[in-house]
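Asks: Sharing model-v9.txt here; it has compact mmCIF, C-alpha atoms and all ligand atoms.
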```
# COMPACT_ATOMS: atom_id res chain seq x y z
CA MET A 9 2.19 -9.87 -19.87
CA LYS A 10 3.69 -7.98 -16.92
CA LYS A 11 3.60 -9.84 -13.61
CA VAL A 12 3.01 -8.10 -10.30
CA LEU A 13 3.22 -9.59 -6.81
CA THR A 14 1.43 -8.38 -3.71
CA ILE A 15 2.76 -9.37 -0.28
CA ALA A 16 -0.11 -8.47 2.04
CA GLY A 17 -3.03 -9.52 4.22
CA SER A 18 -6.33 -11.08 3.16
CA ASP A 19 -9.55 -9.11 3.71
CA SER A 20 -12.46 -11.57 3.83
CA CYS A 21 -14.97 -8.97 2.61
CA GLY A 22 -12.89 -8.28 -0.48
CA GLY A 23 -12.57 -4.50 -0.32
CA ALA A 24 -8.98 -4.11 0.89
CA GLY A 25 -5.79 -6.17 1.23
CA ILE A 26 -4.87 -8.95 -1.18
CA GLN A 27 -8.33 -8.95 -2.74
CA ALA A 28 -8.23 -5.24 -3.62
CA ASP A 29 -4.68 -5.67 -4.92
CA LEU A 30 -5.59 -8.54 -7.26
CA LYS A 31 -8.68 -6.70 -8.56
CA THR A 32 -6.53 -3.65 -9.20
CA PHE A 33 -3.91 -5.71 -11.05
CA SER A 34 -6.59 -7.22 -13.30
CA ALA A 35 -8.06 -3.81 -13.98
CA HIS A 36 -4.61 -2.68 -15.12
CA GLY A 37 -4.10 -5.64 -17.44
CA VAL A 38 -1.21 -7.10 -15.46
CA TYR A 39 -0.97 -10.63 -14.07
CA GLY A 40 -1.44 -10.67 -10.28
CA MET A 41 0.25 -12.97 -7.77
CA SER A 42 -0.05 -12.99 -3.97
CA VAL A 43 1.98 -13.87 -0.90
CA ILE A 44 -0.42 -13.83 2.03
CA THR A 45 1.04 -12.55 5.32
CA ALA A 46 -2.09 -12.69 7.48
CA VAL A 47 -5.76 -13.60 7.19
CA THR A 48 -8.26 -11.13 8.62
CA ALA A 49 -11.89 -11.87 9.50
CA GLN A 50 -13.35 -8.65 8.26
CA ASN A 51 -16.52 -7.08 6.93
CA THR A 52 -17.62 -3.55 6.10
CA GLN A 53 -18.04 -2.84 9.82
CA GLY A 54 -14.58 -3.76 11.04
CA VAL A 55 -11.83 -6.30 11.63
CA PHE A 56 -12.95 -9.11 13.98
CA GLY A 57 -9.92 -11.39 14.02
CA VAL A 58 -6.46 -11.89 12.56
CA GLN A 59 -4.38 -15.01 12.02
CA ASP A 60 -0.78 -14.31 11.06
CA ILE A 61 0.78 -16.72 8.58
CA SER A 62 3.97 -18.43 9.77
CA GLU A 63 7.32 -17.00 8.72
CA GLU A 64 8.19 -20.31 7.11
CA ILE A 65 5.20 -20.24 4.76
CA ILE A 66 5.73 -16.56 3.96
CA MET A 67 9.34 -17.34 3.00
CA ASN A 68 8.22 -20.36 1.03
CA GLN A 69 5.65 -18.40 -0.97
CA ILE A 70 8.17 -15.69 -1.91
CA GLU A 71 10.89 -18.19 -2.81
CA VAL A 72 8.81 -20.39 -5.08
CA ILE A 73 7.49 -17.40 -7.00
CA PHE A 74 10.90 -15.80 -7.55
CA ASP A 75 12.58 -19.15 -8.30
CA ASP A 76 10.15 -19.65 -11.17
CA ILE A 77 8.74 -16.36 -12.42
CA GLU A 78 10.17 -12.99 -13.43
CA VAL A 79 8.38 -10.42 -11.28
CA ASP A 80 8.00 -6.92 -12.79
CA ALA A 81 6.85 -5.14 -9.62
CA VAL A 82 6.13 -5.93 -5.97
CA LYS A 83 3.71 -4.26 -3.60
CA ILE A 84 3.97 -4.79 0.18
CA GLY A 85 0.88 -4.08 2.30
CA MET A 86 -0.13 -5.43 5.72
CA VAL A 87 2.88 -7.00 7.47
CA SER A 88 1.52 -7.53 11.01
CA LYS A 89 4.64 -7.90 13.13
CA THR A 90 8.42 -7.71 13.38
CA GLU A 91 9.05 -11.36 12.49
CA THR A 92 6.89 -11.05 9.35
CA ILE A 93 8.77 -7.93 8.27
CA LYS A 94 12.15 -9.58 8.84
CA VAL A 95 11.36 -12.68 6.85
CA ILE A 96 10.01 -10.64 3.92
CA HIS A 97 13.17 -8.52 3.96
CA ASP A 98 15.57 -11.46 4.27
CA THR A 99 13.84 -13.48 1.55
CA LEU A 100 13.30 -10.70 -0.99
CA ARG A 101 16.93 -9.65 -0.68
CA LYS A 102 18.01 -12.94 -2.20
CA TYR A 103 16.32 -11.99 -5.48
CA PRO A 104 16.63 -9.18 -8.05
CA TYR A 105 13.28 -7.66 -7.12
CA LYS A 106 12.37 -4.36 -8.76
CA ASN A 107 9.72 -1.62 -8.56
CA LEU A 108 8.98 -2.28 -4.89
CA VAL A 109 6.08 -0.21 -3.56
CA VAL A 110 5.75 -0.30 0.24
CA ASP A 111 2.37 0.76 1.60
CA PRO A 112 3.10 1.08 5.33
CA VAL A 113 -0.34 -0.11 6.47
CA MET A 114 -0.81 0.53 10.21
CA VAL A 115 -4.40 1.05 11.39
CA SER A 116 -7.61 0.27 9.46
CA LYS A 117 -10.23 2.98 9.01
CA SER A 118 -12.29 1.06 11.54
CA GLY A 119 -9.45 1.49 14.10
CA TYR A 120 -7.87 -1.97 14.14
CA HIS A 121 -4.06 -2.20 14.46
CA LEU A 122 -3.04 -4.18 11.38
CA LEU A 123 0.62 -3.52 12.25
CA GLN A 124 1.53 -4.20 15.86
CA PRO A 125 2.75 -0.87 17.28
CA ASP A 126 6.10 -2.36 18.34
CA ALA A 127 6.81 -3.41 14.72
CA LYS A 128 7.10 0.20 13.55
CA LYS A 129 10.88 0.17 14.07
CA ALA A 130 11.28 -2.95 11.94
CA LEU A 131 9.23 -1.39 9.16
CA ILE A 132 11.51 1.66 9.17
CA HIS A 133 14.69 -0.38 9.51
CA TYR A 134 13.99 -3.22 7.06
CA LEU A 135 11.33 -2.23 4.53
CA ILE A 136 11.72 1.50 3.89
CA PRO A 137 15.36 1.22 2.72
CA MET A 138 14.39 -1.51 0.21
CA ALA A 139 11.56 0.47 -1.31
CA THR A 140 11.41 2.15 -4.67
CA LEU A 141 8.41 4.05 -3.31
CA VAL A 142 6.81 4.34 0.15
CA THR A 143 3.17 5.53 0.26
CA PRO A 144 2.16 6.57 3.80
CA ASN A 145 -1.00 8.52 4.55
CA ILE A 146 -0.71 11.42 7.00
CA LEU A 147 -1.15 9.27 10.11
CA GLU A 148 1.40 6.72 8.93
CA ALA A 149 3.87 9.45 7.98
CA GLU A 150 3.44 10.93 11.47
CA VAL A 151 4.21 7.57 13.07
CA ILE A 152 7.22 6.98 10.80
CA THR A 153 8.75 10.44 11.35
CA GLY A 154 7.48 11.00 14.90
CA LYS A 155 6.27 14.50 13.88
CA ARG A 156 2.83 16.09 13.56
CA ILE A 157 1.66 16.92 10.04
CA THR A 158 -0.87 19.72 9.73
CA GLY A 159 -0.35 21.00 6.20
CA TYR A 160 1.54 21.04 2.95
CA LYS A 161 4.92 22.14 4.38
CA ASP A 162 4.88 19.34 6.97
CA MET A 163 4.05 16.84 4.23
CA GLU A 164 7.07 18.02 2.25
CA LYS A 165 9.33 17.63 5.29
CA ALA A 166 7.98 14.12 5.97
CA ALA A 167 8.60 13.11 2.33
CA VAL A 168 12.20 14.33 2.56
CA GLU A 169 12.71 12.52 5.85
CA ILE A 170 11.34 9.22 4.55
CA HIS A 171 13.57 9.53 1.48
CA GLN A 172 16.51 10.01 3.86
CA MET A 173 15.52 6.77 5.62
CA GLY A 174 16.49 5.04 2.37
CA ALA A 175 13.43 4.94 0.11
CA GLN A 176 14.12 6.06 -3.43
CA TYR A 177 10.81 7.98 -3.55
CA ALA A 178 8.31 8.98 -0.85
CA LEU A 179 4.67 9.82 -1.55
CA ILE A 180 2.74 11.37 1.35
CA LYS A 181 -1.01 10.99 0.80
CA GLY A 182 -2.93 14.02 2.00
CA GLY A 183 -6.44 12.54 1.86
CA HIS A 184 -6.82 12.83 5.65
CA LEU A 185 -6.35 16.63 5.56
CA GLU A 186 -9.11 19.10 4.63
CA GLY A 187 -9.83 20.12 1.03
CA ASP A 188 -8.76 18.38 -2.18
CA ALA A 189 -6.82 15.13 -1.94
CA MET A 190 -3.27 16.40 -2.45
CA ASP A 191 -0.33 14.01 -2.39
CA ILE A 192 3.32 15.04 -2.22
CA LEU A 193 6.17 13.17 -3.93
CA PHE A 194 9.85 13.68 -3.10
CA ASP A 195 12.32 12.14 -5.55
CA GLY A 196 15.54 13.06 -3.78
CA LYS A 197 15.74 16.46 -5.46
CA ASN A 198 12.33 17.92 -6.16
CA VAL A 199 8.87 17.94 -4.68
CA THR A 200 5.90 17.27 -6.95
CA SER A 201 2.28 17.58 -5.88
CA PHE A 202 -0.63 15.57 -7.26
CA ASN A 203 -4.12 16.90 -6.85
CA SER A 204 -7.49 15.30 -7.19
CA PRO A 205 -10.92 16.51 -6.12
CA ARG A 206 -12.36 15.27 -2.82
CA ILE A 207 -15.28 12.96 -3.45
CA SER A 208 -17.94 12.83 -0.83
CA THR A 209 -18.68 9.19 -0.01
CA GLU A 210 -18.65 6.87 2.98
CA ASN A 211 -17.45 3.98 0.85
CA THR A 212 -13.66 4.25 0.91
CA HIS A 213 -12.64 0.84 2.23
CA GLY A 214 -9.37 -0.25 0.62
CA THR A 215 -8.41 3.00 -1.06
CA GLY A 216 -4.79 2.86 0.19
CA CYS A 217 -4.32 -0.74 -0.98
CA THR A 218 -5.81 0.11 -4.36
CA LEU A 219 -3.64 3.17 -4.93
CA SER A 220 -0.37 1.41 -4.11
CA SER A 221 -1.31 -1.58 -6.29
CA ALA A 222 -2.23 0.71 -9.17
CA ILE A 223 1.16 2.44 -8.86
CA ALA A 224 2.96 -0.94 -8.80
CA SER A 225 1.01 -2.04 -11.92
CA ASN A 226 1.96 1.15 -13.76
CA LEU A 227 5.63 0.81 -12.80
CA ALA A 228 5.58 -2.79 -14.06
CA LYS A 229 4.21 -1.52 -17.37
CA GLY A 230 7.21 0.79 -17.71
CA HIS A 231 5.76 4.14 -16.69
CA SER A 232 7.97 6.67 -14.91
CA ILE A 233 7.29 7.20 -11.22
CA LYS A 234 5.38 10.44 -11.87
CA GLU A 235 3.28 8.92 -14.65
CA ALA A 236 2.63 5.85 -12.48
CA ILE A 237 1.33 8.03 -9.62
CA GLU A 238 -0.67 10.36 -11.89
CA LEU A 239 -2.42 7.43 -13.59
CA ALA A 240 -3.02 5.69 -10.24
CA LYS A 241 -4.56 8.87 -8.80
CA ASN A 242 -6.94 9.06 -11.76
CA TYR A 243 -7.80 5.39 -11.27
CA ILE A 244 -8.52 5.66 -7.54
CA THR A 245 -10.54 8.85 -8.06
CA MET A 246 -12.75 7.05 -10.56
CA ALA A 247 -12.92 3.97 -8.31
CA ILE A 248 -14.06 6.12 -5.36
CA GLU A 249 -16.55 8.00 -7.55
CA HIS A 250 -18.17 4.66 -8.36
CA SER A 251 -17.80 3.10 -4.90
CA PHE A 252 -20.86 1.37 -3.51
CA SER A 253 -22.42 -0.11 -0.42
CA ILE A 254 -22.37 -3.88 0.11
CA GLY A 255 -23.19 -4.19 3.81
CA LYS A 256 -23.98 -2.19 6.91
CA GLY A 257 -20.67 -0.29 7.04
CA VAL A 258 -17.97 1.20 4.82
CA GLY A 259 -18.26 -0.13 1.27
CA PRO A 260 -15.52 -0.80 -1.31
CA THR A 261 -14.31 1.15 -4.32
CA HIS A 262 -15.17 -0.06 -7.80
CA HIS A 263 -12.48 -1.73 -9.92
CA PHE A 264 -13.20 -1.07 -13.58
CA TYR A 265 -12.13 -3.47 -16.24
N1 LIG A 301 -7.48 -5.16 5.77
C1 LIG A 301 -6.33 -5.38 5.17
C2 LIG A 301 -5.88 -6.80 5.00
C3 LIG A 301 -5.57 -4.31 4.72
O1 LIG A 301 -4.39 -4.52 4.12
C4 LIG A 301 -6.04 -2.98 4.90
C5 LIG A 301 -5.32 -1.81 4.45
O2 LIG A 301 -4.29 -1.79 3.91
C6 LIG A 301 -7.23 -2.79 5.54
C7 LIG A 301 -7.93 -3.90 5.95
C8 LIG A 301 -7.77 -1.46 5.85
O3 LIG A 301 -8.54 -0.94 4.89
P1 LIG A 301 -9.29 0.42 5.17
O4 LIG A 301 -8.49 1.18 6.19
O5 LIG A 301 -9.28 1.10 3.84
O6 LIG A 301 -10.64 0.07 5.63
```
Could you show the structure in this file as C-alpha cells?
Ligand code: PLP
Replies:
Amino acid sequence: MKKVLTIAGSDSCGGAGIQADLKTFSAHGVYGMSVITAVTAQNTQGVFGVQDISEEIIMNQIEVIFDDIEVDAVKIGMVSKTETIKVIHDTLRKYPYKNLVVDPVMVSKSGYHLLQPDAKKALIHYLIPMATLVTPNILEAEVITGKRITGYKDMEKAAVEIHQMGAQYALIKGGHLEGDAMDILFDGKNVTSFNSPRISTENTHGTGCTLSSAIASNLAKGHSIKEAIELAKNYITMAIEHSFSIGKGVGPTHHFY
C-alpha cells in the first residue's frame, strides 16, 4: 500500500487540516500518516484558538516516520510561523522525500491568519523550492508574488513566477474568481488549464486541504502530475457536490469511500 504523510494543523471540527487530509487519503486507498504542526480550536463558525506544536516535537515526528517507513508522498499544509517552517525544511532535507505537495495555507475562509504574516518570506524561501507542486489559491498567489490577480493571464504569470521561485510545478486555483473553477498549471514549459463547474453551496470548509491531499495521494499511486490534478479536481468537485451542514456555519465536503 502507498504511504502518504501530511504535515499540517489539526482542525477540531474535522472539516479541514489533518482530519480532512487523513479522510482524503483513506478515500484514495492510500495509508495516511500525520505530523501535527499546530492544534486549532475550530468549529464551522471559525477558529477560536491555536496552539503551535514545539519545533522539537515537529522534528521528532518527521524523523521517526522517515527513519522507519518509506513515504511515497508528502503534503504540507498549515505551518503557522517561521520557526515551524524552518524545522520542517531542515528535517525533511535529511531524507529522500518525494512527491512533495505544498499547500501554502494562509488565511481561513472565516478570516483567521493560520500563517503569521511575517512567515510569508520563510514559506517562499524554504518550502517553495523544495516542492514538487505548490497549490496556492488566488489570494495566496497574490501574497506570494506581491501582484494582483484579476483573470486568467494574471494566473498564468503567477504560476510562472512561482515556478521560478523553485517549485517544479505551480497550480494556481481560480475558485475565488467568477465563473467556473479554473485552475492553471505551469510545468516549466507549458500552461495547462483544468476546468470544473462552479457548485453553489455554502459548505466548502476544507476544500483546499482536500484537493492538495488528493493530488498527493494520486502522485503516490504513480499518476503523472496532470493525471493527479485532473483526478483530484474530479474528487473535490464530487466532494463539494455532496457537502453538508453539521453546525451553524460552513460545513465540510464529503469524503467518499
Ligand atoms: N484549519 C486548518 C488546520 C487548516 O489547515 C485550514 C486550511 O488549510 C483551515 C482551517 C481553513 O479551512 P477553510 O479555509 O477551508 O475553512
Asks: Which residue gives the smallest distance to A:Gly17 among A:Thr212, A:Ser204, A:Ser62, A:Thr45, with all atoms listed in the file counted?
Replies: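 Selected residue with least distance to A:Gly17: A:Thr45.
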Asks: Rank A:Pro205, A:Gly119, A:Gly85, A:Gly196 by their smallest atom-to-atom distance to A:Met246, using only C-alpha atoms, and report the top residue only.
Replies: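 Residue with the minimum atom-to-atom distance to A:Met246: A:Pro205.
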Asks: Given the choices A:Thr14, A:Ser118, A:Thr261, A:Gln124, which gets closest to ligand LIG 301 (chain A) if the distance is worked out from all atoms listed in the file?
Replies: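 Among the listed residues, the smallest separation from ligand LIG 301 (chain A) belongs to A:Ser118.
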Asks: Which neighbours of A:Glu186 fall inside 10 Å, counting all atoms listed in the file, when residues of the same chain fewer than 3 positions from it are skipped, and could you give them as a list in words?
Replies: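 Near A:Glu186, the qualifying residues are Thr158, Gly159, Gly182, Gly183, Ala189, Met190 and Arg206 of chain A.
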Asks: Write out as an mmCIF file with C-alpha atoms, in the coordinates of the input the residues lying within 6 Å of stretch 100-108 of chain A, counting only C-alpha atoms and excluding same-chain residues fewer than 3 positions away.
Replies:
```cif
data_model
loop_
_atom_site.group_PDB
_atom_site.id
_atom_site.type_symbol
_atom_site.label_atom_id
_atom_site.label_comp_id
_atom_site.auth_asym_id
_atom_site.auth_seq_id
_atom_site.Cartn_x
_atom_site.Cartn_y
_atom_site.Cartn_z
ATOM 1 C CA ALA A 81 6.850 -5.140 -9.620
ATOM 2 C CA VAL A 82 6.130 -5.930 -5.970
ATOM 3 C CA LYS A 83 3.710 -4.260 -3.600
ATOM 4 C CA ILE A 96 10.010 -10.640 3.920
ATOM 5 C CA HIS A 97 13.170 -8.520 3.960
ATOM 6 C CA ALA A 139 11.560 0.470 -1.310
ATOM 7 C CA THR A 140 11.410 2.150 -4.670
#
```
Asks: Quick one: of A:Ile65, A:Val95, A:Val115, A:Leu219, who's nearest to ligand LIG 301 (chain A), counting only C-alpha atoms and all ligand atoms?
Replies: A:Val115
Asks: For chain A versus ligand LIG 301 (chain A), which residues have an atom no more than 10 Å away, and what is each residue's nearest atom pair and distance in Å rounded to one decimal, using all atoms listed in the file, chain-then-number order, as CSV?
Replies:
```
residue,atom,partner,partner_atom,distance
A:Ile15,CA,A:LIG301,O1,9.7
A:Ala16,CA,A:LIG301,O1,6.2
A:Gly17,CA,A:LIG301,C2,4.0
A:Ser18,CA,A:LIG301,C2,4.7
A:Asp19,CA,A:LIG301,C2,4.5
A:Ser20,CA,A:LIG301,C2,8.2
A:Cys21,CA,A:LIG301,N1,9.0
A:Gly22,CA,A:LIG301,N1,8.8
A:Gly23,CA,A:LIG301,O3,7.5
A:Ala24,CA,A:LIG301,C4,5.1
A:Gly25,CA,A:LIG301,O1,3.6
A:Ile26,CA,A:LIG301,C2,6.6
A:Gln27,CA,A:LIG301,C2,8.4
A:Ala28,CA,A:LIG301,O1,8.7
A:Asp29,CA,A:LIG301,O1,9.1
A:Ile44,CA,A:LIG301,C2,9.4
A:Thr45,CA,A:LIG301,C2,9.0
A:Ala46,CA,A:LIG301,C2,7.4
A:Val47,CA,A:LIG301,C2,7.1
A:Thr48,CA,A:LIG301,C2,6.1
A:Ala49,CA,A:LIG301,N1,8.9
A:Gln50,CA,A:LIG301,N1,7.3
A:Asn51,CA,A:LIG301,C7,9.2
A:Thr52,CA,A:LIG301,O6,7.9
A:Gln53,CA,A:LIG301,O6,9.0
A:Gly54,CA,A:LIG301,O6,7.7
A:Val55,CA,A:LIG301,C7,7.3
A:Val58,CA,A:LIG301,C2,9.1
A:Ile84,CA,A:LIG301,O1,9.2
A:Gly85,CA,A:LIG301,O1,5.6
A:Met86,CA,A:LIG301,O1,4.6
A:Val87,CA,A:LIG301,O1,8.4
A:Ser88,CA,A:LIG301,C2,9.6
A:Asp111,CA,A:LIG301,O2,7.5
A:Pro112,CA,A:LIG301,O2,8.1
A:Val113,CA,A:LIG301,O2,5.0
A:Met114,CA,A:LIG301,O2,7.6
A:Val115,CA,A:LIG301,O4,6.6
A:Ser116,CA,A:LIG301,O4,3.5
A:Lys117,CA,A:LIG301,O4,3.8
A:Ser118,CA,A:LIG301,O6,6.2
A:Gly119,CA,A:LIG301,O4,8.0
A:Tyr120,CA,A:LIG301,C8,8.3
A:His121,CA,A:LIG301,C8,9.4
A:Leu122,CA,A:LIG301,C3,7.1
A:Leu123,CA,A:LIG301,O1,9.6
A:Asn211,CA,A:LIG301,O5,9.2
A:Thr212,CA,A:LIG301,O5,6.1
A:His213,CA,A:LIG301,O5,3.7
A:Gly214,CA,A:LIG301,O5,3.5
A:Thr215,CA,A:LIG301,O5,5.3
A:Gly216,CA,A:LIG301,O2,6.0
A:Cys217,CA,A:LIG301,O2,5.0
A:Thr218,CA,A:LIG301,O2,8.6
A:Ser220,CA,A:LIG301,O2,9.5
A:Val258,CA,A:LIG301,O6,7.5
A:Gly259,CA,A:LIG301,O6,8.8
A:Pro260,CA,A:LIG301,O5,8.3
A:Thr261,CA,A:LIG301,O5,9.6
```
Asks: Between A:Ile93, A:Val142, A:Ala222, A:Ile152, single out the one closest to A:Glu238, counting only C-alpha atoms.
Replies: A:Ala222
Asks: Quick one, how far is atom CA of A:Ala130 from atom CA of A:Leu179?
Replies: 19.7 Å
Asks: Which residue out of A:Lys229, A:Lys165, A:His184, A:His133 has the minimum interatomic distance to A:Met9 when all atoms listed in the file are used?
Replies: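 Between A:Lys229, A:Lys165, A:His184, A:His133, the residue approaching A:Met9 most closely is A:Lys229.
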Asks: For A:Leu141, find every residue with an atom within 6 Å (counting only C-alpha atoms), except residues of its own chain fewer than 4 positions away, and show them as an MDAnalysis selection string.
Replies: chainID A and resid 109 177:178
Asks: When you draw a straight line from atom CA of A:Gly174 to atom CA of A:Ile136, how long is it in Å?
Replies: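 Here the two named atoms are 6.1 Å from each other.
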Asks: Please, what distance in Å, to one decimal, runs between atom CA of A:Phe33 and atom CA of A:Met138?
Replies: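 Answer for the atom CA of A:Phe33 to atom CA of A:Met138 separation: 21.9 Å.
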Asks: Taking every listed atom of stretch 200-206 of chain A and adding 6 Å to each side, what centre and edge lengths in Å (one decimal) does the axis-aligned box have, as JSON?
Replies:
```
{"center_x": -3.2, "center_y": 16.4, "center_z": -5.0, "size_x": 30.3, "size_y": 14.3, "size_z": 16.4}
```
